[in-house]
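Reviewing the structure listed below.
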Amino acid sequence: MDIVVTIPKNEYVNDDKETTIYEQGGYEQFWQLSRRPKKLYIGDRVYFIKNGFIESSMRVIRIETKATASCEVTNRTWNGCLIFMDYLRQERLEQLRGFQGFRYRWW
């Protein structure tokens with residue numbers, strides 16, 4: 001089952017940089033959560049809220065719990081449940097307020 005997450009406003013610049021690098025090829029993208037979504041599986045999508053809209057989505061290719069990974073763009077290390085993704089798709093779906101954590105897709 002797909003999930004929806006919010007990109008924090010203070011991460012918009014980093015998100016834009018990461019997207020540019022990802023589109024050039026050769027890099028994985030991942031998202032960190034504090035816990036594994038039980039209904040999220042390989043092939044499902046993660047939808048991203050940015051600027052009050054669902055702006056984009058990516059396909060889940062791997063889920064690692066209790067994992068650690070470093071972002072080569074921001075030089076930060078992330079721990080916890082890491083969701084690795086590919087196939088970035090631009091969306092312009094419904095307008096939504098951001099929230100912390102994740103929610104299962106409801107539409």
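Chain labels follow the order of the structure tokens: the first chain is A, the next B, and so on; residue numbering restarts at 1 in every chain, and ligands are counted from 1 in their shown order.
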Counting only C-alpha atoms, give me one row per residue of region 54-76 of chain A with an atom at most 9 Å from an atom of region 18-24 of chain A, showing the shortest contact pair and its distance in Å to one decimal, sorted by chain then residue number, as CSV.
```
residue,atom,partner,partner_atom,distance
A:Cys71,CA,A:Glu18,CA,8.9
A:Glu72,CA,A:Glu18,CA,9.0
A:Val73,CA,A:Glu18,CA,6.3
A:Thr74,CA,A:Glu18,CA,8.3
```
Based on the selection just made, write C-alpha atoms of those residues as a PDB file, in the first residue's frame.
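Full text of result_38.pdb as output:
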```pdb
ATOM      1  CA  CYS A  71      23.516  11.151   1.812  1.00  0.00           C
ATOM      2  CA  GLU A  72      26.311  12.170  -0.539  1.00  0.00           C
ATOM      3  CA  VAL A  73      24.547  15.430  -1.428  1.00  0.00           C
ATOM      4  CA  THR A  74      24.009  16.772   2.105  1.00  0.00           C
TER       5      THR A  74
END
```
- Message: Can you pull out the residues contacting Met1 (chain A)? Cut-off 8 Å, using only C-alpha atoms, and skip same-chain residues under 4 positions away; I want them as JSON, numbers by chain.
- Response: {"A": [39, 40, 41, 44, 45, 104, 105]}
Residue list (strand (DSSP E), DSSP) for region 33-89 of chain A, as a compact mmCIF listing (two decimals) with C-alpha atoms, in the first residue's frame:
```
# COMPACT_ATOMS: atom_id res chain seq x y z
CA LEU A 33 11.21 6.87 8.99
CA ARG A 45 5.01 4.27 -4.11
CA VAL A 46 5.97 7.01 -1.67
CA TYR A 47 4.15 10.28 -2.41
CA PHE A 48 5.81 13.53 -1.30
CA ILE A 49 3.96 16.63 -0.09
CA LYS A 50 5.85 19.82 -0.90
CA PHE A 53 0.62 19.66 -2.84
CA ILE A 54 1.54 16.09 -3.57
CA GLU A 55 4.41 17.08 -5.85
CA SER A 56 6.12 13.80 -6.73
CA SER A 57 6.32 10.10 -6.02
CA MET A 58 8.90 7.33 -6.20
CA ARG A 59 8.70 3.54 -6.38
CA VAL A 60 9.96 1.50 -3.40
CA ILE A 61 12.81 -0.84 -4.38
CA ARG A 62 14.13 -1.83 -0.95
CA ILE A 63 13.21 -1.40 2.73
CA GLU A 64 15.84 -1.73 5.43
CA THR A 65 15.01 -1.57 9.13
CA LYS A 66 17.64 -0.57 11.69
CA ALA A 67 19.79 0.70 8.83
CA THR A 68 22.29 3.52 8.39
CA ALA A 69 23.03 5.39 5.15
CA SER A 70 24.85 8.57 4.23
CA CYS A 71 23.52 11.15 1.81
CA ARG A 76 24.32 13.70 6.55
CA THR A 77 23.88 10.23 8.02
CA TRP A 78 20.40 8.79 8.51
CA ASN A 79 19.36 5.92 10.81
CA GLY A 80 16.21 3.89 11.29
CA CYS A 81 13.88 2.45 8.70
CA LEU A 82 15.27 3.50 5.31
CA ILE A 83 13.10 3.23 2.23
CA PHE A 84 15.15 3.14 -0.98
CA MET A 85 13.39 4.30 -4.13
CA ASP A 86 13.68 4.80 -7.87
CA TYR A 87 11.48 5.92 -10.77
CA LEU A 88 10.77 9.52 -9.84
CA ARG A 89 7.44 10.71 -11.20
```
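Here CA of Lys17 (chain A) stands at a distance of 18.3 Å from CA of Glu91 (chain A).
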